[in-house]
file target17.txt (compact mmCIF, C-alpha atoms)
# COMPACT_ATOMS: atom_id res chain seq x y z
CA MET A 198 -35.56 -15.70 -26.17
CA PRO A 199 -31.93 -16.49 -27.00
CA THR A 200 -30.77 -12.86 -26.70
CA SER A 201 -32.08 -12.21 -23.19
CA PHE A 202 -30.79 -15.58 -22.03
CA LYS A 203 -27.37 -14.73 -23.39
CA THR A 204 -27.29 -11.27 -21.81
CA LEU A 205 -28.20 -12.81 -18.44
CA ALA A 206 -26.03 -15.90 -18.67
CA LYS A 207 -22.75 -14.10 -19.23
CA PRO A 208 -22.76 -11.85 -16.13
CA ALA A 209 -24.20 -14.69 -14.06
CA ALA A 210 -21.37 -16.98 -15.13
CA GLY A 211 -18.90 -14.24 -14.25
CA ILE A 212 -20.35 -13.78 -10.76
CA VAL A 213 -20.40 -17.54 -10.13
CA ALA A 214 -16.78 -17.83 -11.28
CA ALA A 215 -15.71 -14.91 -9.05
CA ALA A 216 -17.56 -16.36 -6.05
CA ALA A 217 -15.99 -19.78 -6.64
CA LEU A 218 -12.56 -18.15 -6.81
CA VAL A 219 -13.15 -16.27 -3.53
CA VAL A 220 -14.38 -19.39 -1.72
CA GLY A 221 -11.60 -21.54 -3.17
CA LEU A 222 -8.85 -19.11 -2.22
CA SER A 223 -10.29 -18.62 1.29
CA ALA A 224 -10.27 -22.34 1.93
CA ALA A 225 -6.71 -22.82 0.67
CA GLY A 226 -3.48 -22.11 2.50
CA SER A 227 -2.35 -22.32 6.10
CA PRO A 228 -2.86 -19.60 8.75
CA ASP A 229 -0.40 -16.69 8.75
CA VAL A 230 -0.61 -16.08 12.49
CA THR A 231 0.73 -19.02 14.50
CA LYS A 232 2.03 -19.53 18.05
CA ALA A 233 5.55 -20.30 16.83
CA ARG A 234 5.77 -17.14 14.69
CA VAL A 235 4.41 -14.90 17.46
CA GLU A 236 6.84 -16.33 20.02
CA ALA A 237 9.82 -16.16 17.64
CA SER A 238 9.15 -12.47 16.97
CA LEU A 239 8.27 -11.40 20.51
CA THR A 240 11.47 -12.68 22.16
CA PRO A 241 13.96 -10.56 20.10
CA ALA A 242 11.66 -7.52 20.16
CA PHE A 243 11.37 -7.72 23.96
CA THR A 244 15.13 -8.19 24.28
CA ASN A 245 15.93 -5.15 22.10
CA LEU A 246 13.44 -2.92 23.89
CA TYR A 247 14.41 -4.12 27.39
CA LEU A 248 18.03 -3.25 26.59
CA ASP A 249 16.80 0.16 25.36
CA GLN A 250 14.86 0.71 28.55
CA GLN A 251 17.75 -0.29 30.77
CA ARG A 252 20.07 2.02 28.80
CA ILE A 253 17.66 4.91 29.47
CA LEU A 254 17.64 3.97 33.18
CA GLY A 255 21.44 3.91 33.26
CA HIS A 256 22.20 0.17 33.03
CA ALA A 257 24.13 0.21 29.78
CA ASP A 258 26.24 -2.86 30.56
CA LEU A 259 23.40 -5.36 30.07
CA SER A 260 23.55 -7.80 27.13
CA ALA A 261 20.98 -9.88 25.26
CA SER A 262 22.54 -13.12 26.46
CA ALA A 263 22.40 -11.95 30.10
CA ILE A 264 18.65 -11.31 29.79
CA ALA A 265 18.09 -14.72 28.16
CA ALA A 266 14.46 -14.01 27.35
CA THR A 267 12.04 -16.70 26.24
CA SER A 268 8.36 -16.33 25.44
CA SER A 269 5.39 -18.64 25.54
CA CYS A 270 2.15 -17.53 23.93
CA ASP A 271 -1.43 -18.70 24.05
CA ARG A 272 -4.57 -17.54 22.36
CA GLY A 273 -7.89 -17.40 24.22
CA GLY A 274 -7.18 -20.10 26.83
CA PRO A 275 -6.89 -23.86 26.40
CA LYS A 276 -10.09 -24.30 24.38
CA VAL A 277 -9.10 -21.99 21.52
CA ALA A 278 -6.56 -23.02 18.87
CA ASP A 279 -3.38 -20.90 19.03
CA VAL A 280 -3.67 -19.51 15.50
CA GLY A 281 -5.15 -16.47 13.83
CA ALA A 282 -5.61 -12.76 14.43
CA GLY A 283 -7.27 -11.54 17.58
CA SER A 284 -6.89 -9.41 20.70
CA ASP A 285 -6.98 -12.43 23.02
CA TRP A 286 -3.34 -13.48 22.70
CA ILE A 287 -1.41 -13.64 26.01
CA CYS A 288 2.35 -14.10 26.10
CA LEU A 289 4.49 -14.87 29.14
CA VAL A 290 8.05 -13.59 28.76
CA ASP A 291 10.64 -15.09 31.13
CA PHE A 292 13.87 -13.17 31.50
CA THR A 293 16.67 -12.25 33.89
CA ASP A 294 16.51 -8.61 34.98
CA GLN A 295 19.45 -6.22 35.55
CA THR A 296 19.83 -7.41 39.15
CA GLY A 297 20.13 -11.04 38.03
CA ALA A 298 16.70 -12.06 39.35
CA ALA A 299 14.38 -14.23 37.26
CA GLN A 300 11.24 -12.38 36.15
CA GLU A 301 8.09 -13.20 34.26
CA GLY A 302 6.12 -10.52 32.42
CA LYS A 303 2.64 -11.03 31.00
CA PHE A 304 2.06 -9.28 27.67
CA GLU A 305 -1.33 -8.75 26.06
CA LEU A 306 -1.14 -8.91 22.29
CA GLN A 307 -3.48 -7.52 19.72
CA VAL A 308 -2.57 -9.57 16.65
CA HIS A 309 -3.72 -8.40 13.22
CA ALA A 310 -4.30 -10.46 10.08
CA ASN A 311 -1.40 -8.63 8.39
CA ALA A 312 1.16 -10.45 10.59
CA CYS A 313 1.76 -7.47 12.88
CA TYR A 314 0.77 -7.05 16.51
CA THR A 315 0.78 -4.53 19.31
CA ALA A 316 2.12 -5.84 22.62
CA ALA A 317 1.26 -4.12 25.89
CA GLY A 318 3.64 -4.80 28.77
CA PRO A 319 2.89 -5.25 32.47
CA ALA A 320 3.15 -1.77 34.05
CA LYS A 321 4.00 -3.09 37.52
CA LEU A 322 7.05 -4.97 36.31
CA LEU A 323 8.22 -2.88 33.36
CA GLY A 324 6.91 0.63 34.07
CA GLY A 325 4.07 2.79 32.76
CA PHE A 326 3.86 5.12 29.76
CA THR A 327 6.93 7.12 30.79
CA ILE A 328 10.12 6.39 32.70
CA THR A 329 12.64 8.79 34.21
CA ASP A 330 16.07 8.77 32.59
CA THR A 331 19.41 9.33 34.30
CA SER A 332 19.17 13.10 33.87
CA GLY A 333 15.74 13.26 35.49
CA ARG A 334 13.60 13.75 32.35
CA ASP A 335 10.43 11.79 31.72
CA VAL A 336 10.76 9.88 28.44
CA PRO A 337 8.44 7.35 26.73
CA ASN A 338 8.84 3.82 28.09
CA PRO A 339 9.82 1.61 25.11
CA LEU A 340 8.22 -1.43 26.78
CA SER A 341 4.82 -0.02 27.76
CA ALA A 342 3.47 -0.78 24.26
CA PHE A 343 5.26 -1.68 21.03
CA ASP A 344 4.57 -2.91 17.51
CA VAL A 345 6.11 -6.05 16.03
CA CYS A 346 5.74 -7.67 12.61
CA PHE A 347 6.74 -11.18 11.59
CA ASP A 348 7.20 -13.16 8.41
CA PRO A 349 3.93 -14.96 7.52
CA ASP A 350 5.93 -17.45 5.41
CA ALA A 351 8.64 -18.26 7.95
CA MET B 385 -11.79 21.35 -22.93
CA SER B 386 -10.37 17.89 -22.64
CA ALA B 387 -11.50 16.82 -26.09
CA GLN B 388 -10.29 19.85 -27.99
CA PRO B 389 -6.63 18.99 -28.69
CA LEU B 390 -7.55 15.62 -30.13
CA THR B 391 -9.05 17.10 -33.25
CA ASP B 392 -5.51 18.05 -34.20
CA LEU B 393 -4.22 14.58 -33.59
CA ALA B 394 -3.61 13.52 -37.17
CA GLY B 395 -2.21 16.87 -38.11
CA SER B 396 0.52 17.65 -35.69
CA PRO B 397 2.89 15.16 -34.09
CA ALA B 398 2.43 12.21 -36.45
CA ALA B 399 2.40 14.07 -39.77
CA PRO B 400 6.00 15.40 -39.87
CA ARG B 401 7.29 11.84 -39.57
CA GLN B 402 5.53 10.84 -42.76
CA SER B 403 6.59 13.91 -44.69
CA ALA B 404 10.15 13.23 -43.60
CA GLY B 405 10.12 10.12 -45.72
CA HIS B 406 8.77 7.54 -43.27
CA ARG B 407 6.10 5.40 -44.81
CA ALA B 408 2.98 5.16 -42.72
CA ALA B 409 3.19 1.38 -42.79
CA ALA B 410 6.78 1.26 -41.56
CA ARG B 411 6.13 2.03 -37.89
CA PRO B 412 2.45 2.84 -37.72
CA ARG B 413 1.66 1.58 -34.24
CA SER B 414 4.54 3.02 -32.26
CA ALA B 415 4.43 6.41 -33.96
CA GLY B 416 0.65 6.70 -33.58
CA THR B 417 0.66 5.48 -29.99
CA TRP B 418 3.45 7.87 -29.11
CA ALA B 419 1.66 10.83 -30.69
CA ALA B 420 -1.62 9.93 -29.00
CA TYR B 421 0.21 9.42 -25.69
CA ARG B 422 1.68 12.90 -25.91
CA TRP B 423 -1.74 14.36 -26.62
CA GLU B 424 -3.19 12.49 -23.64
CA LEU B 425 -0.51 14.07 -21.44
CA VAL B 426 -1.31 17.51 -22.85
CA LYS B 427 -4.99 16.91 -22.05
CA LEU B 428 -4.18 15.72 -18.53
CA ALA B 429 -1.96 18.72 -17.87
CA ALA B 430 -4.84 21.00 -18.79
CA LEU B 431 -7.27 19.43 -16.28
CA VAL B 432 -7.80 21.33 -13.02
CA ARG B 433 -8.27 18.02 -11.20
CA THR B 434 -4.87 16.71 -12.33
CA ARG B 435 -3.06 19.89 -11.37
CA ALA B 436 -4.84 20.03 -8.00
CA MET B 437 -3.81 16.44 -7.26
CA LEU B 438 -0.16 17.07 -8.16
CA ILE B 439 -0.03 20.26 -6.08
CA GLY B 440 -1.94 18.54 -3.27
CA VAL B 441 0.53 15.66 -2.91
CA LEU B 442 3.33 18.23 -2.65
CA VAL B 443 1.65 20.59 -0.19
CA VAL B 444 -0.39 18.33 2.10
CA PRO B 445 2.44 16.18 3.64
CA PRO B 446 4.36 19.16 5.17
CA LEU B 447 1.07 20.46 6.61
CA VAL B 448 0.32 17.05 8.13
CA VAL B 449 3.83 16.91 9.62
CA LEU B 450 3.35 20.35 11.17
CA ALA B 451 -0.15 19.49 12.41
CA LEU B 452 1.10 16.31 14.10
CA GLN B 453 3.84 18.21 15.93
CA GLY B 454 1.57 19.40 18.71
CA GLN B 455 -0.54 16.23 18.88
CA ARG B 456 -0.28 13.09 20.95
CA ALA B 457 1.41 10.36 18.92
CA PRO B 458 -1.24 8.35 16.99
CA ALA B 459 -0.40 4.90 18.37
CA ASP B 460 -3.12 2.99 16.51
CA THR B 461 -1.18 2.92 13.21
CA LEU B 462 2.22 1.28 12.76
CA PHE B 463 5.10 3.67 13.62
CA GLY B 464 2.59 6.17 15.00
CA ARG B 465 4.00 5.94 18.53
CA HIS B 466 7.45 7.01 17.30
CA VAL B 467 6.49 10.08 15.24
CA HIS B 468 7.99 12.48 17.76
CA ASP B 469 11.19 10.42 18.20
CA SER B 470 12.35 10.09 14.59
CA GLY B 471 11.74 11.85 11.28
CA PHE B 472 11.74 8.43 9.62
CA ALA B 473 8.68 7.23 11.53
CA LEU B 474 6.27 9.80 10.13
CA PRO B 475 6.67 8.88 6.43
CA LEU B 476 5.90 5.28 7.45
CA LEU B 477 2.88 6.32 9.52
CA LEU B 478 1.59 8.32 6.55
CA LEU B 479 2.36 5.40 4.21
CA GLY B 480 0.31 3.09 6.44
CA PHE B 481 -2.52 5.60 6.52
CA ALA B 482 -2.38 6.38 2.80
CA THR B 483 -2.38 2.72 1.77
CA GLN B 484 -5.51 2.15 3.84
CA TYR B 485 -7.55 5.06 2.58
CA VAL B 486 -6.18 7.21 -0.24
CA PHE B 487 -3.95 5.14 -2.54
CA PRO B 488 -6.66 3.99 -4.99
CA LEU B 489 -7.87 7.59 -5.28
CA LEU B 490 -4.40 8.90 -6.17
CA THR B 491 -4.54 7.06 -9.47
CA SER B 492 -8.29 6.59 -10.12
CA VAL B 493 -8.81 10.36 -10.30
CA VAL B 494 -7.17 10.13 -13.73
CA ALA B 495 -7.36 6.45 -14.73
CA GLY B 496 -11.04 6.18 -13.85
CA ASP B 497 -11.90 9.11 -16.07
CA ILE B 498 -9.53 8.86 -19.01
CA PHE B 499 -11.75 6.57 -21.12
CA ALA B 500 -15.15 7.46 -19.67
CA SER B 501 -14.66 11.20 -20.26
CA GLU B 502 -14.79 10.51 -24.01
CA ASP B 503 -18.23 9.00 -23.41
CA GLN B 504 -19.26 11.90 -21.24
CA HIS B 505 -18.27 14.41 -23.89
CA GLY B 506 -19.41 12.21 -26.79
CA THR B 507 -15.99 12.46 -28.44
CA TRP B 508 -15.24 8.80 -29.26
CA LYS B 509 -16.33 9.20 -32.88
CA THR B 510 -14.25 12.34 -33.35
CA LEU B 511 -11.29 10.64 -31.76
CA LEU B 512 -11.50 7.48 -33.89
CA THR B 513 -11.86 9.28 -37.19
CA ARG B 514 -8.27 10.48 -36.66
CA SER B 515 -5.48 8.35 -38.05
CA VAL B 516 -5.03 6.32 -34.90
CA SER B 517 -6.50 2.91 -34.21
CA ARG B 518 -8.44 1.86 -31.14
CA THR B 519 -5.48 -0.18 -30.02
CA GLN B 520 -3.23 2.86 -30.22
CA ILE B 521 -5.75 4.99 -28.32
CA PHE B 522 -6.06 2.27 -25.67
CA TRP B 523 -2.31 2.06 -25.05
CA ALA B 524 -1.85 5.81 -25.22
CA LYS B 525 -4.51 6.40 -22.57
CA THR B 526 -3.26 3.51 -20.42
CA LEU B 527 0.32 4.78 -20.55
CA ALA B 528 -0.82 8.31 -19.75
CA ALA B 529 -2.71 7.05 -16.68
CA ILE B 530 0.34 5.06 -15.55
CA THR B 531 2.56 8.11 -16.08
CA PHE B 532 0.27 10.18 -13.88
CA ALA B 533 0.23 7.51 -11.16
CA ALA B 534 4.03 7.37 -11.21
CA ALA B 535 4.30 11.16 -11.02
CA VAL B 536 1.92 11.29 -8.05
CA LEU B 537 3.80 8.53 -6.21
CA ILE B 538 7.19 10.17 -6.77
CA LEU B 539 6.00 13.62 -5.70
CA LEU B 540 4.15 12.28 -2.64
CA THR B 541 7.17 10.24 -1.55
CA ALA B 542 9.59 13.13 -2.01
CA SER B 543 7.36 15.61 -0.22
CA THR B 544 6.56 13.30 2.71
CA VAL B 545 10.10 12.07 3.34
CA ALA B 546 11.75 15.47 2.82
CA SER B 547 9.33 17.38 5.04
CA SER B 548 9.43 14.79 7.86
CA VAL B 549 13.20 14.62 7.90
CA ALA B 550 13.56 18.41 7.62
CA ILE B 551 11.03 19.20 10.38
CA ILE B 552 11.59 16.33 12.83
CA GLY B 553 15.14 15.21 12.07
CA ARG B 554 17.31 12.19 11.29
CA GLN B 555 17.09 10.36 14.62
CA PRO B 556 17.46 6.55 14.58
CA LEU B 557 14.23 4.68 13.91
CA THR B 558 12.83 1.91 16.12
CA GLY B 559 12.09 -0.99 13.77
CA LEU B 560 9.43 -3.69 13.89
CA SER B 561 11.63 -6.01 15.98
CA GLY B 562 12.37 -3.28 18.51
CA GLN B 563 15.81 -2.82 16.93
CA SER B 564 17.35 0.57 16.29
CA ILE B 565 17.87 1.49 12.62
CA GLY B 566 20.51 4.14 11.91
CA ALA B 567 19.78 7.22 9.81
CA ALA B 568 21.70 6.00 6.75
CA SER B 569 19.88 2.68 6.37
CA ALA B 570 16.57 4.18 7.55
CA THR B 571 16.59 6.62 4.60
CA GLY B 572 17.03 3.81 2.10
CA LEU B 573 14.41 1.61 3.78
CA VAL B 574 11.80 4.37 3.95
CA LEU B 575 12.29 5.16 0.25
CA ALA B 576 12.15 1.43 -0.58
CA ALA B 577 8.91 1.09 1.40
CA TRP B 578 7.30 3.90 -0.57
CA ALA B 579 8.67 2.52 -3.84
CA SER B 580 7.19 -0.91 -3.05
CA THR B 581 3.69 0.55 -3.45
CA ALA B 582 4.33 1.17 -7.16
CA ALA B 583 3.13 -2.35 -8.07
CA PRO B 584 -0.25 -2.11 -6.27
CA LEU B 585 -0.66 1.43 -7.60
CA LEU B 586 -0.27 -0.01 -11.12
CA GLY B 587 -2.90 -2.62 -10.24
CA PHE B 588 -5.34 0.02 -9.02
CA THR B 589 -4.65 2.05 -12.19
CA ALA B 590 -5.64 -0.97 -14.31
CA LEU B 591 -8.72 -1.53 -12.13
CA ALA B 592 -9.78 2.09 -12.63
CA ILE B 593 -9.18 1.75 -16.39
CA VAL B 594 -11.38 -1.33 -16.72
CA LEU B 595 -14.14 0.38 -14.74
CA SER B 596 -13.72 3.50 -16.86
CA VAL B 597 -14.02 1.52 -20.11
CA ARG B 598 -16.84 -0.80 -19.00
CA THR B 599 -19.10 1.59 -17.11
CA ARG B 600 -18.49 4.56 -19.46
CA ASN B 601 -19.13 6.66 -16.37
CA PRO B 602 -16.33 8.89 -14.99
CA SER B 603 -17.82 8.97 -11.46
CA LEU B 604 -17.91 5.17 -11.24
CA GLY B 605 -14.40 4.98 -12.67
CA VAL B 606 -13.03 7.34 -10.01
CA VAL B 607 -15.03 6.16 -6.98
CA GLY B 608 -15.19 2.45 -7.90
CA PRO B 609 -11.51 1.64 -7.17
CA VAL B 610 -11.71 3.55 -3.88
CA VAL B 611 -14.71 1.53 -2.72
CA LEU B 612 -13.19 -1.74 -3.97
CA GLY B 613 -9.91 -0.82 -2.26
CA LEU B 614 -11.66 -0.27 1.07
CA LEU B 615 -13.59 -3.49 0.62
CA MET B 616 -10.37 -5.41 -0.07
CA SER B 617 -8.68 -3.84 2.98
CA LEU B 618 -11.66 -4.91 5.06
CA VAL B 619 -11.60 -8.50 3.77
CA GLY B 620 -7.81 -8.55 4.22
CA SER B 621 -8.12 -7.49 7.86
CA LEU B 622 -10.42 -10.41 8.64
CA GLY B 623 -8.57 -13.46 9.86
CA GLY B 624 -8.76 -16.92 8.34
CA THR B 625 -9.14 -15.95 4.70
CA GLY B 626 -6.22 -18.14 3.58
CA TRP B 627 -4.84 -17.34 0.16
CA LEU B 628 -7.65 -14.90 -0.55
CA ARG B 629 -5.80 -12.30 1.55
CA ARG B 630 -2.65 -12.80 -0.52
CA ALA B 631 -4.61 -12.45 -3.78
CA LEU B 632 -6.13 -9.08 -2.88
CA LEU B 633 -4.81 -5.92 -4.47
CA SER B 634 -4.67 -4.18 -1.08
CA THR B 635 -2.37 -6.72 0.60
CA PRO B 636 0.83 -5.78 -1.35
CA LEU B 637 0.38 -2.24 0.00
CA GLU B 638 1.51 -3.63 3.37
CA ALA B 639 4.34 -5.80 2.09
CA TRP B 640 6.92 -3.17 3.11
CA HIS B 641 6.57 -4.24 6.77
CA GLY B 642 9.12 -6.98 6.04
CA LEU B 643 11.82 -4.39 5.36
CA PHE B 644 11.75 -3.10 8.93
CA THR B 645 12.24 -6.28 10.98
CA ALA B 646 15.63 -7.27 12.39
CA THR B 647 15.78 -10.13 9.88
CA PRO B 648 14.09 -8.62 6.81
CA PHE B 649 11.68 -10.81 4.85
CA TYR B 650 10.78 -10.26 1.21
CA GLY B 651 8.19 -13.01 0.56
CA PRO B 652 5.16 -10.69 0.72
CA LEU B 653 6.92 -8.17 -1.54
CA ILE B 654 7.67 -10.75 -4.22
CA GLN B 655 4.22 -12.35 -3.99
CA GLY B 656 2.73 -8.86 -4.08
CA ILE B 657 4.45 -7.97 -7.34
CA GLY B 658 3.12 -11.18 -8.91
CA VAL B 659 -0.40 -10.53 -7.62
CA CYS B 660 -0.36 -6.93 -8.87
CA LEU B 661 0.91 -7.92 -12.32
CA ALA B 662 -1.85 -10.55 -12.55
CA TRP B 663 -4.52 -8.00 -11.58
CA THR B 664 -3.08 -5.52 -14.08
CA ALA B 665 -3.02 -8.07 -16.90
CA VAL B 666 -6.59 -9.27 -16.25
CA CYS B 667 -8.02 -5.75 -15.90
CA LEU B 668 -6.25 -4.44 -19.01
CA PHE B 669 -7.32 -7.52 -20.98
CA PHE B 670 -10.99 -6.93 -20.17
CA ALA B 671 -10.67 -3.21 -20.80
CA TYR B 672 -8.95 -3.79 -24.15
CA THR B 673 -11.38 -6.43 -25.45
CA SER B 674 -14.32 -4.34 -24.31
CA LEU B 675 -13.04 -1.29 -26.16
CA ARG B 676 -12.17 -3.31 -29.29
CA ARG B 677 -15.57 -4.95 -29.54
CA ARG B 678 -17.54 -1.87 -28.77
CA ASP B 679 -19.88 -0.36 -31.36
CA ILE B 680 -19.03 3.32 -31.53
CA THR B 681 -20.90 4.07 -34.76
CA GLY B 682 -24.04 5.06 -32.86
CA GLY B 683 -24.65 8.43 -31.17

call {"tool": "encode", "arguments": {"input": "target17.txt", "output": "structure tokens"}}
result
Amino acid sequence: MPTSFKTLAKPAAGIVAAAALVVGLSAAGSPDVTKARVEASLTPAFTNLYLDQQRILGHADLSASAIAATSSCDRGGPKVADVGAGSDWICLVDFTDQTGAAQEGKFELQVHANACYTAAGPAKLLGGFTITDTSGRDVPNPLSAFDVCFDPDA
Amino acid sequence: MSAQPLTDLAGSPAAPRQSAGHRAAARPRSAGTWAAYRWELVKLAALVRTRAMLIGVLVVPPLVVLALQGQRAPADTLFGRHVHDSGFALPLLLLGFATQYVFPLLTSVVAGDIFASEDQHGTWKTLLTRSVSRTQIFWAKTLAAITFAAAVLILLTASTVASSVAIIGRQPLTGLSGQSIGAASATGLVLAAWASTAAPLLGFTALAIVLSVRTRNPSLGVVGPVVLGLLMSLVGSLGGTGWLRRALLSTPLEAWHGLFTATPFYGPLIQGIGVCLAWTAVCLFFAYTSLRRRDITGG
């Protein structure tokens, strides 16, 4: 039965090789989503959008250095490692608001495997879906939810 | 219909070259490949499916732009929440959507059929009795499929970007670091993002070609890359897959994200081009060897 063995052996070898490649590649490499990368991307994004929001509300004189935002992120509480995609990322953003008072906002992040996430801001502190601009119109609040991407190789 | 012009293959485009004093042995491969390539394009242009796809990629984007005008912004896809604020957000929303669901189909509709249709119509023998070799037929068909993929990508990009900018406007775009991107640089970045999908589109073309050659079944050639594309997107969206995610053909379709951050990053784009070229080389190698070794003497 050399013919039937040969016809079976070739595809089988191919499948085994493909499976080995998949397993090998999955095991190799370091995680794309890390605490440091999420924090380093959230801080500038928050700063840009907070400045946007304050401009809409009529506080155009604010600067990034005056806000001095910093973020600290955690995934799934103390028992879960702070790496990987998931909707259980929480970030605390500390900043100085337009009145000069220190504030802390809690953001809920939905982080995807493609190194992008959606951050939802605290409505009480930063406003809901819409805010009212200086001319009295309701416009979308840039901070209620926003998308950020980061470099998975940084 | 699709097989008909090939019976003239030896007669028309290649023959005048020889009568003009060129010896057949002087440049046999390039002349034959070129003639066969032109015939493949003639065949493609005659197919209803090909024409429908080319017209579709021109007509559908403006309709989608108009349809989205009255809708709530689709916030679940990147740039979706800004579609009403800037005409540059919508081409990126559609790019994100297209890369998830329709990109493999754009090319497989031709590449998945171009070899298998000869099986379906039983025209391989007719084709290979003409004065072109299998190698020449292989490259002619492959180049024709790549040409179609490029045409579809260019038309789809032009239609999407032009209709979004014309209907919504040239407002500044909010980038992926919350920064504001002015109209001038946004235009270039949006076009670059669409252009960056050329490499994965080439990869999916090669994937469709290998399925077309191996399965000898046009349906499998067309649907196979779509299913594999969805499967790769699914695996890529799972976390913790290490380098496997980077090696998938669907991952480079998202590499354009790096263009829209405050500090742009190009790592995924460069890796993506390498990955796509590797996929293309492997798929075309298997397709080529399979076609070379095949016994076409039988019915």

call {"tool": "atom_distance", "arguments": {"input": "target17.txt", "atom1": "atom CA of Arg629 of chain B", "atom2": "atom CA of Ile530 of chain B"}}
result
25.1 Å

call {"tool": "interface_residues", "arguments": {"input": "target17.txt", "of": "chain A", "to": "chain B", "cutoff": "9 Å", "atoms": "all atoms listed in the file", "output": "PDB file with C-alpha atoms, keeping the file's coordinate frame"}}
result
ATOM      1  CA  LEU A 218     -12.560 -18.150  -6.810  1.00  0.00           C
ATOM      2  CA  VAL A 219     -13.150 -16.270  -3.530  1.00  0.00           C
ATOM      3  CA  VAL A 220     -14.380 -19.390  -1.720  1.00  0.00           C
ATOM      4  CA  GLY A 221     -11.600 -21.540  -3.170  1.00  0.00           C
ATOM      5  CA  LEU A 222      -8.850 -19.110  -2.220  1.00  0.00           C
ATOM      6  CA  SER A 223     -10.290 -18.620   1.290  1.00  0.00           C
ATOM      7  CA  ALA A 224     -10.270 -22.340   1.930  1.00  0.00           C
ATOM      8  CA  ALA A 225      -6.710 -22.820   0.670  1.00  0.00           C
ATOM      9  CA  GLY A 226      -3.480 -22.110   2.500  1.00  0.00           C
ATOM     10  CA  SER A 227      -2.350 -22.320   6.100  1.00  0.00           C
ATOM     11  CA  PRO A 228      -2.860 -19.600   8.750  1.00  0.00           C
ATOM     12  CA  ASP A 229      -0.400 -16.690   8.750  1.00  0.00           C
ATOM     13  CA  VAL A 230      -0.610 -16.080  12.490  1.00  0.00           C
ATOM     14  CA  SER A 238       9.150 -12.470  16.970  1.00  0.00           C
ATOM     15  CA  LEU A 239       8.270 -11.400  20.510  1.00  0.00           C
ATOM     16  CA  PRO A 241      13.960 -10.560  20.100  1.00  0.00           C
ATOM     17  CA  ALA A 242      11.660  -7.520  20.160  1.00  0.00           C
ATOM     18  CA  PHE A 243      11.370  -7.720  23.960  1.00  0.00           C
ATOM     19  CA  THR A 244      15.130  -8.190  24.280  1.00  0.00           C
ATOM     20  CA  ASN A 245      15.930  -5.150  22.100  1.00  0.00           C
ATOM     21  CA  LEU A 246      13.440  -2.920  23.890  1.00  0.00           C
ATOM     22  CA  ASP A 249      16.800   0.160  25.360  1.00  0.00           C
ATOM     23  CA  GLY A 281      -5.150 -16.470  13.830  1.00  0.00           C
ATOM     24  CA  ALA A 282      -5.610 -12.760  14.430  1.00  0.00           C
ATOM     25  CA  GLY A 283      -7.270 -11.540  17.580  1.00  0.00           C
ATOM     26  CA  HIS A 309      -3.720  -8.400  13.220  1.00  0.00           C
ATOM     27  CA  ALA A 310      -4.300 -10.460  10.080  1.00  0.00           C
ATOM     28  CA  ASN A 311      -1.400  -8.630   8.390  1.00  0.00           C
ATOM     29  CA  CYS A 313       1.760  -7.470  12.880  1.00  0.00           C
ATOM     30  CA  THR A 315       0.780  -4.530  19.310  1.00  0.00           C
ATOM     31  CA  PRO A 339       9.820   1.610  25.110  1.00  0.00           C
ATOM     32  CA  ALA A 342       3.470  -0.780  24.260  1.00  0.00           C
ATOM     33  CA  PHE A 343       5.260  -1.680  21.030  1.00  0.00           C
ATOM     34  CA  ASP A 344       4.570  -2.910  17.510  1.00  0.00           C
ATOM     35  CA  VAL A 345       6.110  -6.050  16.030  1.00  0.00           C
ATOM     36  CA  CYS A 346       5.740  -7.670  12.610  1.00  0.00           C
ATOM     37  CA  PHE A 347       6.740 -11.180  11.590  1.00  0.00           C
ATOM     38  CA  ASP A 348       7.200 -13.160   8.410  1.00  0.00           C
ATOM     39  CA  PRO A 349       3.930 -14.960   7.520  1.00  0.00           C
ATOM     40  CA  ASP A 350       5.930 -17.450   5.410  1.00  0.00           C
ATOM     41  CA  ALA A 351       8.640 -18.260   7.950  1.00  0.00           C
TER      42      ALA A 351
END

call {"tool": "residues_around", "arguments": {"input": "target17.txt", "residues": "Cys667 of chain B", "least_positions_apart": "2", "cutoff": "8 Å", "atoms": "only C-alpha atoms", "output": "short mmCIF file (atom, residue, chain, number, x, y, z; two decimals) with C-alpha atoms, in the coordinates of the input"}}
result
data_model
loop_
_atom_site.label_atom_id
_atom_site.label_comp_id
_atom_site.auth_asym_id
_atom_site.auth_seq_id
_atom_site.Cartn_x
_atom_site.Cartn_y
_atom_site.Cartn_z
CA ALA B 590 -5.64 -0.97 -14.31
CA LEU B 591 -8.72 -1.53 -12.13
CA ILE B 593 -9.18 1.75 -16.39
CA VAL B 594 -11.38 -1.33 -16.72
CA TRP B 663 -4.52 -8.00 -11.58
CA THR B 664 -3.08 -5.52 -14.08
CA ALA B 665 -3.02 -8.07 -16.90
CA PHE B 669 -7.32 -7.52 -20.98
CA PHE B 670 -10.99 -6.93 -20.17
CA ALA B 671 -10.67 -3.21 -20.80
#

call {"tool": "closest_residue", "arguments": {"input": "target17.txt", "among": "B:Leu442, B:Val545, B:Val426, B:Ala533", "to": "Leu489 of chain B", "atoms": "all atoms listed in the file"}}
result
B:Ala533

call {"tool": "closest_residue", "arguments": {"input": "target17.txt", "among": "A:Thr231, A:Thr204, A:Thr240, A:Gln250", "to": "Leu323 of chain A", "atoms": "all atoms listed in the file"}}
result
A:Gln250

call {"tool": "atom_distance", "arguments": {"input": "target17.txt", "atom1": "atom CA of Gly587 of chain B", "atom2": "atom CA of Gly605 of chain B"}}
result
14.0 Å

call {"tool": "residues_around", "arguments": {"input": "target17.txt", "residues": "Asn601 of chain B", "least_positions_apart": "5", "cutoff": "9 Å", "atoms": "all atoms listed in the file", "output": "list of chain:residue names"}}
result
B:Gly496, B:Asp497, B:Phe499, B:Ala500, B:Ser501, B:Asp503, B:Gln504, B:Leu595, B:Ser596, B:Val606
